>>> print(open('query-v3.pdb').read())   # PDB, C-alpha atoms
ATOM      1  CA  MET A   1      15.072  11.436 -66.068
ATOM      2  CA  ASN A   2      14.682   7.797 -65.026
ATOM      3  CA  THR A   3      12.225   8.807 -62.284
ATOM      4  CA  VAL A   4      10.061  10.698 -64.794
ATOM      5  CA  ARG A   5      10.197   7.760 -67.191
ATOM      6  CA  LYS A   6       9.091   5.351 -64.467
ATOM      7  CA  ALA A   7       6.309   7.650 -63.225
ATOM      8  CA  ALA A   8       4.877   8.502 -66.672
ATOM      9  CA  PRO A   9       2.856   5.259 -67.102
ATOM     10  CA  TRP A  10       1.132   5.904 -63.776
ATOM     11  CA  VAL A  11      -0.031   9.457 -64.426
ATOM     12  CA  LEU A  12      -3.134   8.595 -66.485
ATOM     13  CA  PRO A  13      -4.316   5.706 -64.249
ATOM     14  CA  ALA A  14      -3.826   7.887 -61.163
ATOM     15  CA  ALA A  15      -5.799  10.789 -62.665
ATOM     16  CA  LEU A  16      -8.650   8.569 -63.875
ATOM     17  CA  THR A  17      -8.774   6.779 -60.488
ATOM     18  CA  ALA A  18      -8.932  10.098 -58.630
ATOM     19  CA  ILE A  19     -11.778  11.321 -60.885
ATOM     20  CA  ALA A  20     -13.658   8.030 -60.493
ATOM     21  CA  VAL A  21     -13.295   8.107 -56.709
ATOM     22  CA  ALA A  22     -14.453  11.713 -56.424
ATOM     23  CA  TRP A  23     -17.376  11.099 -58.783
ATOM     24  CA  ALA A  24     -18.367   7.932 -56.878
ATOM     25  CA  ILE A  25     -18.304   9.790 -53.568
ATOM     26  CA  GLY A  26     -20.575  12.492 -54.962
ATOM     27  CA  ALA A  27     -22.923   9.994 -56.566
ATOM     28  CA  ILE A  28     -23.250   7.700 -53.548
ATOM     29  CA  GLY A  29     -23.642  10.632 -51.150
ATOM     30  CA  SER A  30     -26.297  12.237 -53.357
ATOM     31  CA  ILE A  31     -28.276   9.018 -53.718
ATOM     32  CA  LEU A  32     -28.125   8.167 -49.991
ATOM     33  CA  SER A  33     -29.029  11.728 -48.934
ATOM     34  CA  ALA A  34     -32.631  11.004 -49.904
ATOM     35  CA  GLN A  35     -32.692   8.249 -47.263
ATOM     36  CA  ALA A  36     -30.333   9.550 -44.517
ATOM     37  CA  ALA A  37     -28.650  12.701 -43.271
ATOM     38  CA  PRO A  38     -25.970  14.113 -45.650
ATOM     39  CA  PRO A  39     -23.041  13.602 -43.194
ATOM     40  CA  PHE A  40     -23.914   9.927 -42.810
ATOM     41  CA  ALA A  41     -24.519   9.491 -46.533
ATOM     42  CA  TYR A  42     -21.199  11.010 -47.609
ATOM     43  CA  SER A  43     -19.275   9.155 -44.864
ATOM     44  CA  VAL A  44     -20.610   5.874 -46.291
ATOM     45  CA  ALA A  45     -19.468   6.987 -49.754
ATOM     46  CA  VAL A  46     -15.991   7.783 -48.449
ATOM     47  CA  LEU A  47     -15.691   4.374 -46.749
ATOM     48  CA  TYR A  48     -16.858   2.628 -49.926
ATOM     49  CA  ASP A  49     -14.231   4.315 -52.074
ATOM     50  CA  ALA A  50     -11.566   3.811 -49.366
ATOM     51  CA  VAL A  51     -12.071   0.046 -49.573
ATOM     52  CA  TRP A  52     -11.920   0.205 -53.366
ATOM     53  CA  LEU A  53      -8.679   2.230 -53.329
ATOM     54  CA  TYR A  54      -7.146  -0.132 -50.765
ATOM     55  CA  ALA A  55      -7.917  -3.138 -52.977
ATOM     56  CA  LEU A  56      -6.357  -1.376 -55.995
ATOM     57  CA  ALA A  57      -3.223  -0.514 -54.017
ATOM     58  CA  GLN A  58      -2.821  -4.088 -52.759
ATOM     59  CA  GLU A  59      -3.326  -5.491 -56.256
ATOM     60  CA  THR A  60      -0.675  -3.119 -57.596
ATOM     61  CA  ALA A  61       1.828  -4.080 -54.873
ATOM     62  CA  HIS A  62       1.314  -7.829 -55.402
ATOM     63  CA  ARG A  63       1.577  -7.588 -59.188
ATOM     64  CA  ARG A  64       4.769  -5.540 -59.026
ATOM     65  CA  GLN A  65       6.545  -8.113 -56.839
ATOM     66  CA  GLY A  66       5.139 -11.130 -58.642
ATOM     67  CA  SER A  67       3.143 -12.564 -55.720
ATOM     68  CA  SER A  68      -0.440 -13.772 -55.692
ATOM     69  CA  ALA A  69      -3.116 -11.078 -55.600
ATOM     70  CA  ARG A  70      -6.304 -13.154 -55.755
ATOM     71  CA  LEU A  71      -8.211 -11.413 -52.952
ATOM     72  CA  PRO A  72      -7.349  -7.826 -54.023
ATOM     73  CA  LYS A  73      -8.212  -8.763 -57.621
ATOM     74  CA  ALA A  74     -11.576 -10.196 -56.560
ATOM     75  CA  ILE A  75     -12.419  -7.098 -54.508
ATOM     76  CA  GLY A  76     -11.361  -4.800 -57.365
ATOM     77  CA  TRP A  77     -13.475  -6.613 -59.970
ATOM     78  CA  VAL A  78     -16.490  -6.733 -57.616
ATOM     79  CA  PHE A  79     -16.304  -2.998 -56.849
ATOM     80  CA  LEU A  80     -15.841  -2.053 -60.521
ATOM     81  CA  PRO A  81     -19.351  -3.059 -61.745
ATOM     82  CA  LEU A  82     -20.906  -1.676 -58.550
ATOM     83  CA  THR A  83     -19.230   1.691 -59.141
ATOM     84  CA  VAL A  84     -20.254   1.680 -62.808
ATOM     85  CA  ALA A  85     -23.852   0.939 -61.836
ATOM     86  CA  ILE A  86     -23.888   3.639 -59.131
ATOM     87  CA  LEU A  87     -22.524   6.322 -61.495
ATOM     88  CA  GLY A  88     -24.936   5.297 -64.243
ATOM     89  CA  VAL A  89     -27.951   5.389 -61.903
ATOM     90  CA  HIS A  90     -26.847   8.759 -60.542
ATOM     91  CA  GLY A  91     -26.718  10.225 -64.075
ATOM     92  CA  LEU A  92     -30.119   8.807 -64.979
ATOM     93  CA  LEU A  93     -31.658  10.167 -61.764
ATOM     94  CA  ALA A  94     -30.241  13.563 -62.673
ATOM     95  CA  GLY A  95     -31.904  13.279 -66.112
ATOM     96  CA  ASP A  96     -28.614  13.444 -68.034
ATOM     97  CA  VAL A  97     -27.932  10.331 -70.144
ATOM     98  CA  LEU A  98     -24.540  11.612 -71.334
ATOM     99  CA  ALA A  99     -23.419  12.170 -67.737
ATOM    100  CA  ALA A 100     -24.568   8.664 -66.886
ATOM    101  CA  ILE A 101     -22.545   7.139 -69.752
ATOM    102  CA  VAL A 102     -19.404   9.177 -69.039
ATOM    103  CA  GLY A 103     -19.623   8.548 -65.302
ATOM    104  CA  ALA A 104     -19.960   4.815 -65.904
ATOM    105  CA  LEU A 105     -16.929   4.769 -68.255
ATOM    106  CA  ILE A 106     -14.570   6.624 -65.886
ATOM    107  CA  PRO A 107     -14.000   3.726 -63.403
ATOM    108  CA  VAL A 108     -13.687   1.264 -66.316
ATOM    109  CA  LEU A 109     -10.975   3.389 -67.954
ATOM    110  CA  ALA A 110      -9.223   3.815 -64.609
ATOM    111  CA  LYS A 111      -9.210   0.031 -64.031
ATOM    112  CA  VAL A 112      -7.964  -0.755 -67.553
ATOM    113  CA  THR A 113      -5.134   1.789 -67.517
ATOM    114  CA  LEU A 114      -4.120   0.680 -64.013
ATOM    115  CA  VAL A 115      -3.903  -2.961 -65.136
ATOM    116  CA  MET A 116      -1.777  -1.944 -68.159
ATOM    117  CA  ALA A 117       0.594   0.050 -65.965
ATOM    118  CA  ILE A 118       0.890  -2.832 -63.501
ATOM    119  CA  ASP A 119       1.538  -5.401 -66.233
ATOM    120  CA  ARG A 120       4.252  -3.195 -67.688
ATOM    121  CA  GLU A 121       6.261  -3.080 -64.449
ATOM    122  CA  ARG A 122       5.502  -6.356 -62.766
ATOM    123  CA  THR A 123       8.218  -8.988 -62.381
ATOM    124  CA  ARG A 124       7.660 -11.891 -64.701
ATOM    125  CA  ILE A 125       8.771 -15.142 -63.100
ATOM    126  CA  SER A 126       7.870 -18.784 -63.518
ATOM    127  CA  PRO A 127       5.457 -20.568 -61.166
ATOM    128  CA  ARG A 128       8.328 -22.673 -59.845
ATOM    129  CA  ALA A 129      10.370 -19.601 -58.987
ATOM    130  CA  GLN A 130       7.308 -17.987 -57.436
ATOM    131  CA  ALA A 131       6.818 -21.095 -55.235
ATOM    132  CA  ALA A 132      10.430 -20.919 -54.121
ATOM    133  CA  ILE A 133      10.001 -17.236 -53.292
ATOM    134  CA  ASP A 134       6.869 -18.013 -51.292
ATOM    135  CA  ARG A 135       8.666 -20.752 -49.322
ATOM    136  CA  THR A 136      11.561 -18.433 -48.563
ATOM    137  CA  ARG A 137       9.162 -15.722 -47.429
ATOM    138  CA  ALA A 138       7.264 -18.196 -45.219
ATOM    139  CA  ALA A 139      10.476 -19.451 -43.579
ATOM    140  CA  THR A 140      11.624 -15.871 -43.065
ATOM    141  CA  ARG A 141       8.321 -14.961 -41.454
ATOM    142  CA  ASP A 142       8.598 -18.020 -39.173
ATOM    143  CA  ARG A 143      12.116 -17.081 -38.104
ATOM    144  CA  ILE A 144      11.019 -13.522 -37.455
ATOM    145  CA  ALA A 145       8.051 -14.742 -35.407
ATOM    146  CA  VAL A 146      10.263 -17.100 -33.368
ATOM    147  CA  SER A 147      12.804 -14.356 -32.785
ATOM    148  CA  ARG A 148      10.094 -11.998 -31.615
ATOM    149  CA  ALA A 149       8.658 -14.670 -29.297
ATOM    150  CA  VAL A 150      12.096 -15.382 -27.797
ATOM    151  CA  ALA A 151      12.740 -11.661 -27.336
ATOM    152  CA  ALA A 152       9.339 -11.221 -25.681
ATOM    153  CA  ALA A 153      10.005 -14.194 -23.351
ATOM    154  CA  ARG A 154      13.390 -12.806 -22.356
ATOM    155  CA  ALA A 155      11.845  -9.396 -21.757
ATOM    156  CA  ASP A 156       9.146 -10.980 -19.577
ATOM    157  CA  GLU A 157      11.790 -12.960 -17.655
ATOM    158  CA  THR A 158      13.857  -9.849 -17.082
ATOM    159  CA  LYS A 159      10.799  -7.928 -15.991
ATOM    160  CA  ALA A 160       9.736 -10.701 -13.583
ATOM    161  CA  ALA A 161      13.232 -10.878 -12.092
ATOM    162  CA  ALA A 162      13.243  -7.123 -11.664
ATOM    163  CA  GLU A 163       9.864  -7.276  -9.924
ATOM    164  CA  ILE A 164      11.125 -10.008  -7.561
ATOM    165  CA  VAL A 165      14.251  -8.031  -6.724
ATOM    166  CA  LYS A 166      12.169  -4.918  -6.214
ATOM    167  CA  ALA A 167       9.742  -6.733  -3.884
ATOM    168  CA  ALA A 168      12.647  -8.224  -1.899
ATOM    169  CA  ARG A 169      14.309  -4.833  -1.523
ATOM    170  CA  GLU A 170      11.028  -3.253  -0.437
ATOM    171  CA  ALA A 171      10.488  -6.040   2.133
ATOM    172  CA  GLU A 172      14.016  -5.574   3.490
ATOM    173  CA  ALA A 173      13.541  -1.816   3.710
ATOM    174  CA  LYS A 174      10.209  -2.288   5.486
ATOM    175  CA  ALA A 175      11.752  -4.758   7.936
ATOM    176  CA  VAL A 176      14.589  -2.343   8.702
ATOM    177  CA  THR A 177      12.069   0.468   9.197
ATOM    178  CA  VAL A 178       9.904  -1.612  11.539
ATOM    179  CA  THR A 179      12.968  -2.707  13.547
ATOM    180  CA  HIS A 180      14.198   0.867  13.794
ATOM    181  CA  ASP A 181      10.768   2.091  14.962
ATOM    182  CA  ALA A 182      10.640  -0.695  17.559
ATOM    183  CA  TYR A 183      14.054   0.275  18.904
ATOM    184  CA  GLU A 184      12.988   3.936  19.025
ATOM    185  CA  ARG A 185       9.846   3.097  20.988
ATOM    186  CA  TYR A 186      11.820   0.815  23.316
ATOM    187  CA  ALA A 187      14.307   3.625  23.972
ATOM    188  CA  GLU A 188      11.453   6.043  24.696
ATOM    189  CA  VAL A 189       9.852   3.615  27.162
ATOM    190  CA  ILE A 190      13.174   3.007  28.918
ATOM    191  CA  ASP A 191      13.786   6.753  29.168
ATOM    192  CA  GLN A 192      10.309   7.434  30.547
ATOM    193  CA  HIS A 193      10.102   4.376  32.839
ATOM    194  CA  PRO A 194      13.606   3.263  33.827
ATOM    195  CA  LEU A 195      13.904  -0.153  35.444
ATOM    196  CA  PRO A 196      15.247  -0.280  39.044
ATOM    197  CA  GLU A 197      18.459  -1.995  39.912
ATOM    198  CA  PRO A 198      18.207  -5.764  40.599
ATOM    199  CA  ALA A 199      18.986  -5.201  44.258
ATOM    200  CA  GLU A 200      15.982  -2.869  44.544
ATOM    201  CA  LEU A 201      13.456  -5.354  43.112
ATOM    202  CA  PRO A 202      11.185  -6.876  45.792
ATOM    203  CA  GLY A 203      10.576 -10.592  46.088
ATOM    204  CA  LEU A 204       7.465 -11.119  43.982
ATOM    205  CA  VAL A 205       6.753 -14.755  45.008
ATOM    206  CA  SER A 206       7.727 -16.242  48.328
ATOM    207  CA  ASP A 207       8.664 -19.873  48.907
ATOM    208  CA  SER A 208       5.486 -20.547  50.855
ATOM    209  CA  ASP A 209       3.327 -19.056  48.095
ATOM    210  CA  LEU A 210       5.103 -21.184  45.517
ATOM    211  CA  GLU A 211       4.655 -24.312  47.661
ATOM    212  CA  ALA A 212       0.950 -23.579  48.171
ATOM    213  CA  LEU A 213       0.486 -22.948  44.438
ATOM    214  CA  LEU A 214       2.151 -26.235  43.483
ATOM    215  CA  SER A 215       0.086 -28.150  46.039
ATOM    216  CA  GLY A 216      -3.222 -26.747  44.798
ATOM    217  CA  GLY A 217      -3.683 -23.764  47.103
ATOM    218  CA  VAL A 218      -4.311 -20.191  46.079
ATOM    219  CA  PRO A 219      -1.512 -17.891  47.229
ATOM    220  CA  GLU A 220      -2.887 -14.690  48.632
ATOM    221  CA  PRO A 221      -1.511 -11.944  50.822
ATOM    222  CA  VAL A 222      -0.900 -13.201  54.371
ATOM    223  CA  PRO A 223      -3.875 -12.191  56.554
ATOM    224  CA  ALA A 224      -3.477 -10.242  59.739
ATOM    225  CA  LEU A 225      -2.203 -12.349  62.513
ATOM    226  CA  GLY A 226      -4.797 -13.528  65.038
ATOM    227  CA  THR A 227      -7.678 -13.344  62.493
ATOM    228  CA  GLY A 228     -10.103 -16.073  63.428
ATOM    229  CA  GLY A 229      -7.637 -17.699  65.871
ATOM    230  CA  ASP A 230      -6.909 -17.769  69.565
ATOM    231  CA  ARG A 231      -4.338 -15.727  71.383
ATOM    232  CA  PRO A 232      -0.960 -17.364  71.879
ATOM    233  CA  SER A 233      -0.583 -19.641  74.875
ATOM    234  CA  ASP A 234       0.615 -18.158  78.076
ATOM    235  CA  ASP A 235       3.475 -20.619  78.324
ATOM    236  CA  ALA A 236       5.086 -19.310  75.151
ATOM    237  CA  PRO A 237       8.291 -17.445  75.701
ATOM    238  CA  GLY A 238       7.704 -13.735  76.134
ATOM    239  CA  THR A 239       9.565 -10.628  75.192
ATOM    240  CA  ASP A 240      11.535  -8.387  77.475
ATOM    241  CA  ASP A 241       8.490  -6.264  78.270
ATOM    242  CA  GLY A 242       6.385  -9.292  79.220
ATOM    243  CA  THR A 243       4.284  -9.325  75.969
ATOM    244  CA  PRO A 244       3.904 -12.835  74.464
ATOM    245  CA  PRO A 245       5.466 -13.126  70.939
ATOM    246  CA  LEU A 246       3.257 -13.205  67.842
ATOM    247  CA  GLU A 247       2.755 -16.422  65.919
ATOM    248  CA  SER A 248       4.440 -16.846  62.570
ATOM    249  CA  ALA A 249       2.393 -16.410  59.400
ATOM    250  CA  ARG A 250       2.515 -20.146  58.613
ATOM    251  CA  GLU A 251       1.234 -21.110  62.097
ATOM    252  CA  ALA A 252      -1.521 -18.516  61.957
ATOM    253  CA  ASN A 253      -2.649 -19.830  58.549
ATOM    254  CA  SER A 254      -2.660 -23.434  59.814
ATOM    255  CA  ARG A 255      -4.652 -22.520  62.947
ATOM    256  CA  ALA A 256      -7.189 -20.555  60.858
ATOM    257  CA  VAL A 257      -7.596 -23.458  58.417
ATOM    258  CA  ALA A 258      -8.075 -25.938  61.274
ATOM    259  CA  MET A 259     -10.723 -23.745  62.922
ATOM    260  CA  LEU A 260     -12.478 -23.312  59.569
ATOM    261  CA  ALA A 261     -12.540 -27.080  59.101
ATOM    262  CA  ALA A 262     -14.088 -27.578  62.547
ATOM    263  CA  GLU A 263     -16.696 -24.926  61.814
ATOM    264  CA  LEU A 264     -17.689 -26.426  58.423
ATOM    265  CA  TYR A 265     -17.817 -29.998  59.743
ATOM    266  CA  ALA A 266     -20.004 -29.041  62.734
ATOM    267  CA  THR A 267     -23.261 -29.388  60.812
ATOM    268  CA  ASP A 268     -26.083 -31.821  61.308
ATOM    269  CA  PRO A 269     -25.626 -34.065  59.472
ATOM    270  CA  PRO A 270     -21.917 -33.601  58.720
ATOM    271  CA  PRO A 271     -21.035 -32.862  55.080
ATOM    272  CA  SER A 272     -19.627 -35.438  52.717
ATOM    273  CA  LYS A 273     -15.950 -35.215  51.798
ATOM    274  CA  ARG A 274     -16.784 -33.816  48.381
ATOM    275  CA  LYS A 275     -18.987 -31.046  49.800
ATOM    276  CA  PHE A 276     -16.479 -30.431  52.582
ATOM    277  CA  ARG A 277     -13.640 -29.970  50.122
ATOM    278  CA  ALA A 278     -15.663 -27.558  47.930
ATOM    279  CA  ALA A 279     -16.801 -25.517  50.943
ATOM    280  CA  MET A 280     -13.270 -25.396  52.397
ATOM    281  CA  ARG A 281     -11.726 -24.217  49.148
ATOM    282  CA  ALA A 282     -14.393 -21.515  48.679
ATOM    283  CA  GLU A 283     -14.036 -20.228  52.266
ATOM    284  CA  MET A 284     -10.215 -20.351  52.117
ATOM    285  CA  ASN A 285     -10.206 -18.314  48.952
ATOM    286  CA  ALA A 286     -12.631 -15.828  50.425
ATOM    287  CA  ARG A 287     -10.563 -15.431  53.637
ATOM    288  CA  GLY A 288      -7.147 -15.451  51.956
ATOM    289  CA  LEU A 289      -6.031 -18.769  53.505
ATOM    290  CA  THR A 290      -3.745 -21.286  51.815
ATOM    291  CA  GLY A 291      -3.551 -25.037  51.971
ATOM    292  CA  SER A 292      -3.309 -28.139  49.791
ATOM    293  CA  TRP A 293      -5.973 -30.737  49.064
ATOM    294  CA  ASP A 294      -4.117 -33.234  51.217
ATOM    295  CA  THR A 295      -4.342 -30.830  54.153
ATOM    296  CA  ILE A 296      -8.096 -30.422  53.635
ATOM    297  CA  ASP A 297      -8.592 -34.226  53.483
ATOM    298  CA  ALA A 298      -6.518 -34.684  56.630
ATOM    299  CA  LEU A 299      -8.633 -32.098  58.459
ATOM    300  CA  TYR A 300     -11.808 -33.875  57.330
ATOM    301  CA  ASP A 301     -10.540 -37.220  58.640
ATOM    302  CA  ARG A 302      -9.487 -35.573  61.903
ATOM    303  CA  GLU A 303     -12.895 -33.963  62.504
ATOM    304  CA  LYS A 304     -14.597 -37.216  61.607
ATOM    305  CA  ALA A 305     -12.464 -39.104  64.095
ATOM    306  CA  LEU A 306     -13.018 -36.520  66.845
ATOM    307  CA  THR A 307     -16.796 -36.337  66.525
ATOM    308  CA  GLY A 308     -17.338 -39.947  65.660
ATOM    309  CA  ARG A 309     -20.067 -39.017  63.127
ATOM    310  CA  GLU A 310     -20.189 -40.241  59.546
ATOM    311  CA  GLY A 311     -20.538 -37.701  56.764
ATOM    312  CA  GLY A 312     -23.532 -37.384  54.478
ATOM    313  CA  GLU A 313     -23.784 -38.847  50.969
ATOM    314  CA  LYS A 314     -20.805 -38.385  48.706
TER     315      LYS A 314
END
>>> encode(input="query-v3.pdb", output="structure tokens")
Amino acid sequence: MNTVRKAAPWVLPAALTAIAVAWAIGAIGSILSAQAAPPFAYSVAVLYDAVWLYALAQETAHRRQGSSARLPKAIGWVFLPLTVAILGVHGLLAGDVLAAIVGALIPVLAKVTLVMAIDRERTRISPRAQAAIDRTRAATRDRIAVSRAVAAARADETKAAAEIVKAAREAEAKAVTVTHDAYERYAEVIDQHPLPEPAELPGLVSDSDLEALLSGGVPEPVPALGTGGDRPSDDAPGTDDGTPPLESAREANSRAVAMLAAELYATDPPPSKRKFRAAMRAEMNARGLTGSWDTIDALYDREKALTGREGGEK
């Protein structure tokens, strides 16, 4: 019974508002159809009345709770004369004066009855109380906004931490995967190409090669004995079968280098030390001979002393 009693004052304003809205949609759509397509014309009419209804609803809500409704009121009172004018013009264009008058009165009656219904139920408070209510509402809205901001910041922090943890876990998993793949490939290589025992490994670098490398020579495979040199002397101790023994690799290399030095110095005029050194190093590399720079300089001085000829320009 109380619900019916509360809803009764709103029946007439609601009915008149519905009639006014429907009539305004028809009038605006009919008038605009002469200028644009009917779908566009009636969609404009619907949007117009939607704004008007929204302003009426906001005005009703503000009046019922005792808050300020200046903007909804302004929109409502601006749309009221426009709607009256549109309905009146529509009736006159149709050639029916009575329809124009009735159509123009419908939105006015709807507005008046709506205002009466709102004034009947609205909360009547003093301006001072209304100001206090507004301050309380503003503080409440501020607290709500701060709470939402704090919650959003915490959510962002949690999300960022989760992303960091996720990235770290993915990096660890990738590192484990890469390490595992490397071990698998290493095992495959070892299975396919096993390494020999340490005792089976040959000597890769000899002492003489290392000495020649440190002194500036180029270690190469030892050339065949007797290449570019003389046969051993007849007074060297022989073997059991009467064959003279072969020279050692170091002696053969030294003899070949000495003969090469004599050959390169025997030019007219003799080469300078700089040219002699360059030619010796090139020929030694080509023939696989080893020797330091000091050895080459000593051979140059020896040939110079033996021939008694000065070298060319430096």
>>> atom_distance(input="query-v3.pdb", atom1="atom CA of Trp52 of chain A", atom2="atom CA of Ile19 of chain A")
13.4 Å
>>> atom_distance(input="query-v3.pdb", atom1="atom CA of Ala27 of chain A", atom2="atom CA of Glu59 of chain A")
25.0 Å
>>> closest_residue(input="query-v3.pdb", among="A:Ala139, A:Ile31, A:Leu53, A:Ala14", to="Leu87 of chain A", atoms="all atoms listed in the file")
A:Ile31
>>> atom_distance(input="query-v3.pdb", atom1="atom CA of Ala161 of chain A", atom2="atom CA of Ala149 of chain A")
18.2 Å
>>> resolve_selection(input="query-v3.pdb", expression="the PyMOL selection byres ((chain A and resi 71) around 12)", output="VMD selection string")
chain A and resid 54 to 56 58 to 59 62 67 to 70 72 to 78
>>> resolve_selection(input="query-v3.pdb", expression="the PyMOL selection byres ((chain A and resi 296-310) around 7)", output="ChimeraX atom specification")
/A:258,261-262,265,270,277,292-295,311-312
>>> closest_residue(input="query-v3.pdb", among="A:Ala61, A:Leu264, A:Val108, A:Leu47", to="Ala20 of chain A", atoms="only C-alpha atoms")
A:Val108
>>> resolve_selection(input="query-v3.pdb", expression="the PyMOL selection byres ((chain A and resi 44) around 12)", output="short mmCIF file (atom, residue, chain, number, x, y, z; two decimals) with C-alpha atoms, in the frame of the given file")
data_model
loop_
_atom_site.label_atom_id
_atom_site.label_comp_id
_atom_site.auth_asym_id
_atom_site.auth_seq_id
_atom_site.Cartn_x
_atom_site.Cartn_y
_atom_site.Cartn_z
CA ALA A 24 -18.37 7.93 -56.88
CA ILE A 25 -18.30 9.79 -53.57
CA GLY A 26 -20.58 12.49 -54.96
CA ALA A 27 -22.92 9.99 -56.57
CA ILE A 28 -23.25 7.70 -53.55
CA GLY A 29 -23.64 10.63 -51.15
CA SER A 30 -26.30 12.24 -53.36
CA ILE A 31 -28.28 9.02 -53.72
CA LEU A 32 -28.12 8.17 -49.99
CA SER A 33 -29.03 11.73 -48.93
CA ALA A 36 -30.33 9.55 -44.52
CA ALA A 37 -28.65 12.70 -43.27
CA PRO A 38 -25.97 14.11 -45.65
CA PRO A 39 -23.04 13.60 -43.19
CA PHE A 40 -23.91 9.93 -42.81
CA ALA A 41 -24.52 9.49 -46.53
CA TYR A 42 -21.20 11.01 -47.61
CA SER A 43 -19.27 9.15 -44.86
CA ALA A 45 -19.47 6.99 -49.75
CA VAL A 46 -15.99 7.78 -48.45
CA LEU A 47 -15.69 4.37 -46.75
CA TYR A 48 -16.86 2.63 -49.93
CA ASP A 49 -14.23 4.32 -52.07
CA ALA A 50 -11.57 3.81 -49.37
CA VAL A 51 -12.07 0.05 -49.57
#
>>> closest_residue(input="query-v3.pdb", among="A:Ile164, A:Ala15, A:Ile144, A:Ala175", to="Thr113 of chain A", atoms="all atoms listed in the file")
A:Ala15
>>> closest_residue(input="query-v3.pdb", among="A:Ala266, A:Val21, A:Ala8, A:Val102", to="Phe79 of chain A", atoms="only C-alpha atoms")
A:Val21
>>> axis_aligned_box(input="query-v3.pdb", around="segment 279-283 of chain A", padding_each_side="4 Å", output="AutoDock Vina command-line options")
--center_x -14.3 --center_y -22.9 --center_z 50.5 --size_x 13.1 --size_y 13.3 --size_z 11.7
>>> build_atoms(input="query-v3.pdb", residues="segment 164-178 of chain A", atoms="N, CA and C atoms", output="compact mmCIF listing (two decimals), in the frame of the given file")
# COMPACT_ATOMS: atom_id res chain seq x y z
N ILE A 164 10.78 -9.23 -8.75
CA ILE A 164 11.12 -10.01 -7.56
C ILE A 164 12.18 -9.28 -6.73
N VAL A 165 13.20 -8.77 -7.43
CA VAL A 165 14.25 -8.03 -6.72
C VAL A 165 13.67 -6.79 -6.06
N LYS A 166 12.78 -6.11 -6.77
CA LYS A 166 12.17 -4.92 -6.21
C LYS A 166 11.35 -5.25 -4.97
N ALA A 167 10.55 -6.34 -5.05
CA ALA A 167 9.74 -6.73 -3.88
C ALA A 167 10.62 -7.12 -2.71
N ALA A 168 11.75 -7.84 -2.99
CA ALA A 168 12.65 -8.22 -1.90
C ALA A 168 13.28 -7.00 -1.25
N ARG A 169 13.71 -6.05 -2.08
CA ARG A 169 14.31 -4.83 -1.52
C ARG A 169 13.29 -4.05 -0.69
N GLU A 170 12.06 -3.97 -1.19
CA GLU A 170 11.03 -3.25 -0.44
C GLU A 170 10.75 -3.95 0.90
N ALA A 171 10.72 -5.31 0.88
CA ALA A 171 10.49 -6.04 2.13
C ALA A 171 11.63 -5.81 3.12
N GLU A 172 12.88 -5.83 2.61
CA GLU A 172 14.02 -5.57 3.49
C GLU A 172 13.96 -4.16 4.07
N ALA A 173 13.63 -3.20 3.22
CA ALA A 173 13.54 -1.82 3.71
C ALA A 173 12.43 -1.67 4.75
N LYS A 174 11.30 -2.35 4.52
CA LYS A 174 10.21 -2.29 5.49
C LYS A 174 10.61 -2.94 6.81
N ALA A 175 11.32 -4.08 6.71
CA ALA A 175 11.75 -4.76 7.94
C ALA A 175 12.72 -3.88 8.73
N VAL A 176 13.65 -3.23 8.02
CA VAL A 176 14.59 -2.34 8.70
C VAL A 176 13.85 -1.19 9.36
N THR A 177 12.85 -0.65 8.64
CA THR A 177 12.07 0.47 9.20
C THR A 177 11.30 0.05 10.45
N VAL A 178 10.66 -1.12 10.38
CA VAL A 178 9.90 -1.61 11.54
C VAL A 178 10.83 -1.85 12.72
